[in-house]
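Visitor: So that we are looking at the same thing, I have put the structure below in structure tokens.
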Amino acid sequence: MADPCQRNEWLASQILPYEQFLRTTIRKWRLPEGLDLDDIVQQAYARLASLPSVDHIRSPRSYFLQTARTLVLMHIRRARLVPIEIFADLSGLELADDSPSPETEISDREQLRLLAQAIDQLGEPGRTVFLARVREGKSHKEIGALVGLSDNAVQKLLARTMQALARKISRGGSLPTRASIARDTRRNHGPL
């Protein structure tokens, strides 16, 4: 929907009816000093009008409200001093910094290195099945045709492969032996 006339019609029919709901909701929030209700509503309209497409919007009311929340959060984050009471009124808003700590980044990189190493050490057809599912997003049926297995066999092989990868990573990189897999299976499910 790139046509401005169509966009205006969409805004008028799908968003405008929810403006009063949005205003009522925003009035319940304690906005930071200098932030005006009308400004937030106007900015929300501007954001919606500038979207390249609105085809992905399934619930215009929710999208309009979330856009306004995002704008309020943006203003709060930019403010130097914000009274803590403002955050209490904006229930359901995510305010925490989601960026990982340096320690988490190092740990994540190590986990990815171990995973890549474990995938490289997988035997066939487990490696092919795993990569076809995870990297290429193929269905069990497509993978089965690729490696000559039934859907059910692909599902079971994929589950065993993922368990082996999880065990390898949790052990710091050593692949479990057939004996340790059998021992773990007996311990968890009784004798074979």
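By order in the structure tokens, chains are A, B, ...; within a chain, residues start at 1; ligands start at 1, following the order shown.
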So which residues touch Val72 (chain A) within 9 Å, counting only C-alpha atoms, skipping near sequence neighbours fewer than 2 positions away, as a ChimeraX atom specification?
Guide: /A:31-32,35,40,67-70,74-77
Visitor: Mind dumping the selected residues with N, CA and C atoms as an mmCIF file, in the first residue's frame?
Guide:
```
data_model
loop_
_atom_site.group_PDB
_atom_site.id
_atom_site.type_symbol
_atom_site.label_atom_id
_atom_site.label_comp_id
_atom_site.auth_asym_id
_atom_site.auth_seq_id
_atom_site.Cartn_x
_atom_site.Cartn_y
_atom_site.Cartn_z
ATOM 1 N N LEU A 31 2.947 11.059 32.235
ATOM 2 C CA LEU A 31 3.936 11.394 31.219
ATOM 3 C C LEU A 31 5.014 12.288 31.818
ATOM 4 N N PRO A 32 6.233 12.161 31.329
ATOM 5 C CA PRO A 32 7.299 13.039 31.817
ATOM 6 C C PRO A 32 6.970 14.499 31.521
ATOM 7 N N LEU A 35 6.171 16.384 28.001
ATOM 8 C CA LEU A 35 5.620 15.479 26.997
ATOM 9 C C LEU A 35 4.108 15.613 27.015
ATOM 10 N N ILE A 40 2.131 12.923 21.486
ATOM 11 C CA ILE A 40 2.272 11.473 21.364
ATOM 12 C C ILE A 40 1.299 10.938 20.310
ATOM 13 N N THR A 67 2.565 1.569 19.315
ATOM 14 C CA THR A 67 3.342 2.659 18.731
ATOM 15 C C THR A 67 3.434 3.820 19.710
ATOM 16 N N ALA A 68 2.327 4.154 20.342
ATOM 17 C CA ALA A 68 2.330 5.233 21.332
ATOM 18 C C ALA A 68 3.204 4.874 22.525
ATOM 19 N N ARG A 69 3.116 3.640 22.999
ATOM 20 C CA ARG A 69 3.964 3.201 24.114
ATOM 21 C C ARG A 69 5.438 3.331 23.759
ATOM 22 N N THR A 70 5.777 2.905 22.562
ATOM 23 C CA THR A 70 7.171 2.993 22.113
ATOM 24 C C THR A 70 7.635 4.445 22.093
ATOM 25 N N MET A 74 10.588 6.060 24.329
ATOM 26 C CA MET A 74 11.685 6.769 23.680
ATOM 27 C C MET A 74 11.922 8.115 24.371
ATOM 28 N N HIS A 75 10.853 8.823 24.665
ATOM 29 C CA HIS A 75 10.985 10.118 25.351
ATOM 30 C C HIS A 75 11.511 9.933 26.769
ATOM 31 N N ILE A 76 11.047 8.912 27.451
ATOM 32 C CA ILE A 76 11.508 8.658 28.822
ATOM 33 C C ILE A 76 12.998 8.340 28.822
ATOM 34 N N ARG A 77 13.419 7.518 27.885
ATOM 35 C CA ARG A 77 14.837 7.149 27.827
ATOM 36 C C ARG A 77 15.715 8.347 27.505
#
```
Visitor: Hey, which of A:Leu37, A:Ala116, A:Ala49, A:Leu131 ends up closest to Glu9 (chain A)? Count only C-alpha atoms.
Guide: A:Ala49
Visitor: According to DSSP computed on the backbone, where in region 2-146 of chain A is there alpha helix (DSSP H)? Give the residues as a PDB file with C-alpha atoms, in the first residue's frame.
Guide:
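Ended up saving to part.pdb:
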```pdb
ATOM      1  CA  PRO A   4      -0.911   7.988  -0.182  1.00  0.00           C
ATOM      2  CA  CYS A   5      -4.666   8.065  -0.819  1.00  0.00           C
ATOM      3  CA  GLN A   6      -5.003   4.406   0.144  1.00  0.00           C
ATOM      4  CA  ARG A   7      -2.828   4.995   3.211  1.00  0.00           C
ATOM      5  CA  ASN A   8      -5.034   7.923   4.267  1.00  0.00           C
ATOM      6  CA  GLU A   9      -8.145   5.805   3.794  1.00  0.00           C
ATOM      7  CA  TRP A  10      -6.591   3.024   5.847  1.00  0.00           C
ATOM      8  CA  GLU A  19      -7.877   7.601  18.791  1.00  0.00           C
ATOM      9  CA  GLN A  20     -10.192   8.195  21.757  1.00  0.00           C
ATOM     10  CA  PHE A  21      -9.215   4.808  23.234  1.00  0.00           C
ATOM     11  CA  LEU A  22      -5.544   5.760  22.828  1.00  0.00           C
ATOM     12  CA  ARG A  23      -6.049   9.168  24.447  1.00  0.00           C
ATOM     13  CA  THR A  24      -7.937   7.615  27.375  1.00  0.00           C
ATOM     14  CA  THR A  25      -5.187   5.055  27.877  1.00  0.00           C
ATOM     15  CA  ILE A  26      -2.361   7.603  27.692  1.00  0.00           C
ATOM     16  CA  ARG A  27      -4.130   9.856  30.219  1.00  0.00           C
ATOM     17  CA  LEU A  37      -0.676  13.812  25.049  1.00  0.00           C
ATOM     18  CA  ASP A  38      -1.421  15.490  21.708  1.00  0.00           C
ATOM     19  CA  ASP A  39       2.236  15.211  20.703  1.00  0.00           C
ATOM     20  CA  ILE A  40       2.272  11.473  21.364  1.00  0.00           C
ATOM     21  CA  VAL A  41      -0.943  10.927  19.390  1.00  0.00           C
ATOM     22  CA  GLN A  42       0.360  13.034  16.498  1.00  0.00           C
ATOM     23  CA  GLN A  43       3.705  11.195  16.495  1.00  0.00           C
ATOM     24  CA  ALA A  44       1.900   7.834  16.522  1.00  0.00           C
ATOM     25  CA  TYR A  45      -0.116   8.876  13.470  1.00  0.00           C
ATOM     26  CA  ALA A  46       3.068  10.072  11.760  1.00  0.00           C
ATOM     27  CA  ARG A  47       4.805   6.745  12.438  1.00  0.00           C
ATOM     28  CA  LEU A  48       1.892   4.804  10.979  1.00  0.00           C
ATOM     29  CA  ALA A  49       1.678   7.100   7.972  1.00  0.00           C
ATOM     30  CA  PRO A  60      -4.734  -1.803  14.201  1.00  0.00           C
ATOM     31  CA  ARG A  61      -5.862  -0.882  17.729  1.00  0.00           C
ATOM     32  CA  SER A  62      -3.037  -2.841  19.379  1.00  0.00           C
ATOM     33  CA  TYR A  63      -0.509  -1.566  16.874  1.00  0.00           C
ATOM     34  CA  PHE A  64      -1.589   2.041  17.446  1.00  0.00           C
ATOM     35  CA  LEU A  65      -1.321   1.611  21.228  1.00  0.00           C
ATOM     36  CA  GLN A  66       2.072  -0.117  20.984  1.00  0.00           C
ATOM     37  CA  THR A  67       3.342   2.659  18.731  1.00  0.00           C
ATOM     38  CA  ALA A  68       2.330   5.233  21.332  1.00  0.00           C
ATOM     39  CA  ARG A  69       3.964   3.201  24.114  1.00  0.00           C
ATOM     40  CA  THR A  70       7.171   2.993  22.113  1.00  0.00           C
ATOM     41  CA  LEU A  71       7.136   6.761  21.612  1.00  0.00           C
ATOM     42  CA  VAL A  72       6.594   7.408  25.325  1.00  0.00           C
ATOM     43  CA  LEU A  73       9.439   5.040  26.180  1.00  0.00           C
ATOM     44  CA  MET A  74      11.685   6.769  23.680  1.00  0.00           C
ATOM     45  CA  HIS A  75      10.985  10.118  25.351  1.00  0.00           C
ATOM     46  CA  ILE A  76      11.508   8.658  28.822  1.00  0.00           C
ATOM     47  CA  ARG A  77      14.837   7.149  27.827  1.00  0.00           C
ATOM     48  CA  ARG A  78      15.962  10.462  26.384  1.00  0.00           C
ATOM     49  CA  ILE A  84      10.331   6.698  39.234  1.00  0.00           C
ATOM     50  CA  GLU A  85       6.534   7.006  39.513  1.00  0.00           C
ATOM     51  CA  ILE A  86       6.310   7.359  35.735  1.00  0.00           C
ATOM     52  CA  PHE A  87       7.541   3.798  35.303  1.00  0.00           C
ATOM     53  CA  ALA A  88       4.904   2.442  37.670  1.00  0.00           C
ATOM     54  CA  ASP A  89       2.138   3.909  35.513  1.00  0.00           C
ATOM     55  CA  PRO A 102      30.474  -8.444  28.126  1.00  0.00           C
ATOM     56  CA  GLU A 103      30.577 -11.653  30.163  1.00  0.00           C
ATOM     57  CA  THR A 104      27.386 -12.896  28.491  1.00  0.00           C
ATOM     58  CA  GLU A 105      28.783 -12.054  25.044  1.00  0.00           C
ATOM     59  CA  ILE A 106      31.955 -14.027  25.777  1.00  0.00           C
ATOM     60  CA  SER A 107      29.957 -16.956  27.110  1.00  0.00           C
ATOM     61  CA  ASP A 108      27.614 -16.881  24.104  1.00  0.00           C
ATOM     62  CA  ARG A 109      30.555 -16.821  21.693  1.00  0.00           C
ATOM     63  CA  GLU A 110      32.074 -19.810  23.465  1.00  0.00           C
ATOM     64  CA  GLN A 111      28.766 -21.679  23.298  1.00  0.00           C
ATOM     65  CA  LEU A 112      28.537 -20.937  19.558  1.00  0.00           C
ATOM     66  CA  ARG A 113      32.115 -22.135  19.058  1.00  0.00           C
ATOM     67  CA  LEU A 114      31.335 -25.360  20.911  1.00  0.00           C
ATOM     68  CA  LEU A 115      28.146 -25.827  18.900  1.00  0.00           C
ATOM     69  CA  ALA A 116      29.945 -25.313  15.576  1.00  0.00           C
ATOM     70  CA  GLN A 117      32.631 -27.758  16.683  1.00  0.00           C
ATOM     71  CA  ALA A 118      30.009 -30.297  17.776  1.00  0.00           C
ATOM     72  CA  ILE A 119      28.130 -29.990  14.466  1.00  0.00           C
ATOM     73  CA  ASP A 120      31.383 -30.547  12.560  1.00  0.00           C
ATOM     74  CA  GLN A 121      31.970 -33.758  14.556  1.00  0.00           C
ATOM     75  CA  GLY A 126      22.631 -36.847  11.703  1.00  0.00           C
ATOM     76  CA  ARG A 127      24.705 -33.891  10.512  1.00  0.00           C
ATOM     77  CA  THR A 128      22.826 -33.636   7.200  1.00  0.00           C
ATOM     78  CA  VAL A 129      19.436 -33.942   8.928  1.00  0.00           C
ATOM     79  CA  PHE A 130      20.311 -31.336  11.547  1.00  0.00           C
ATOM     80  CA  LEU A 131      21.689 -28.795   9.057  1.00  0.00           C
ATOM     81  CA  ALA A 132      18.805 -29.312   6.630  1.00  0.00           C
ATOM     82  CA  ARG A 133      16.300 -28.639   9.411  1.00  0.00           C
ATOM     83  CA  VAL A 134      18.023 -25.808  11.276  1.00  0.00           C
ATOM     84  CA  HIS A 140      10.807 -33.645   7.946  1.00  0.00           C
ATOM     85  CA  LYS A 141       9.322 -34.960   4.701  1.00  0.00           C
ATOM     86  CA  GLU A 142      11.824 -33.024   2.561  1.00  0.00           C
ATOM     87  CA  ILE A 143      14.714 -34.198   4.719  1.00  0.00           C
ATOM     88  CA  GLY A 144      13.464 -37.774   4.550  1.00  0.00           C
ATOM     89  CA  ALA A 145      13.477 -37.623   0.763  1.00  0.00           C
ATOM     90  CA  LEU A 146      16.998 -36.186   0.863  1.00  0.00           C
TER      91      LEU A 146
END
```
Visitor: Could you work out how far CA of Pro52 (chain A) lies from CA of Ser13 (chain A), giving the answer in Å with one decimal?
Guide: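 Distance between the two atoms: 18.1 Å.
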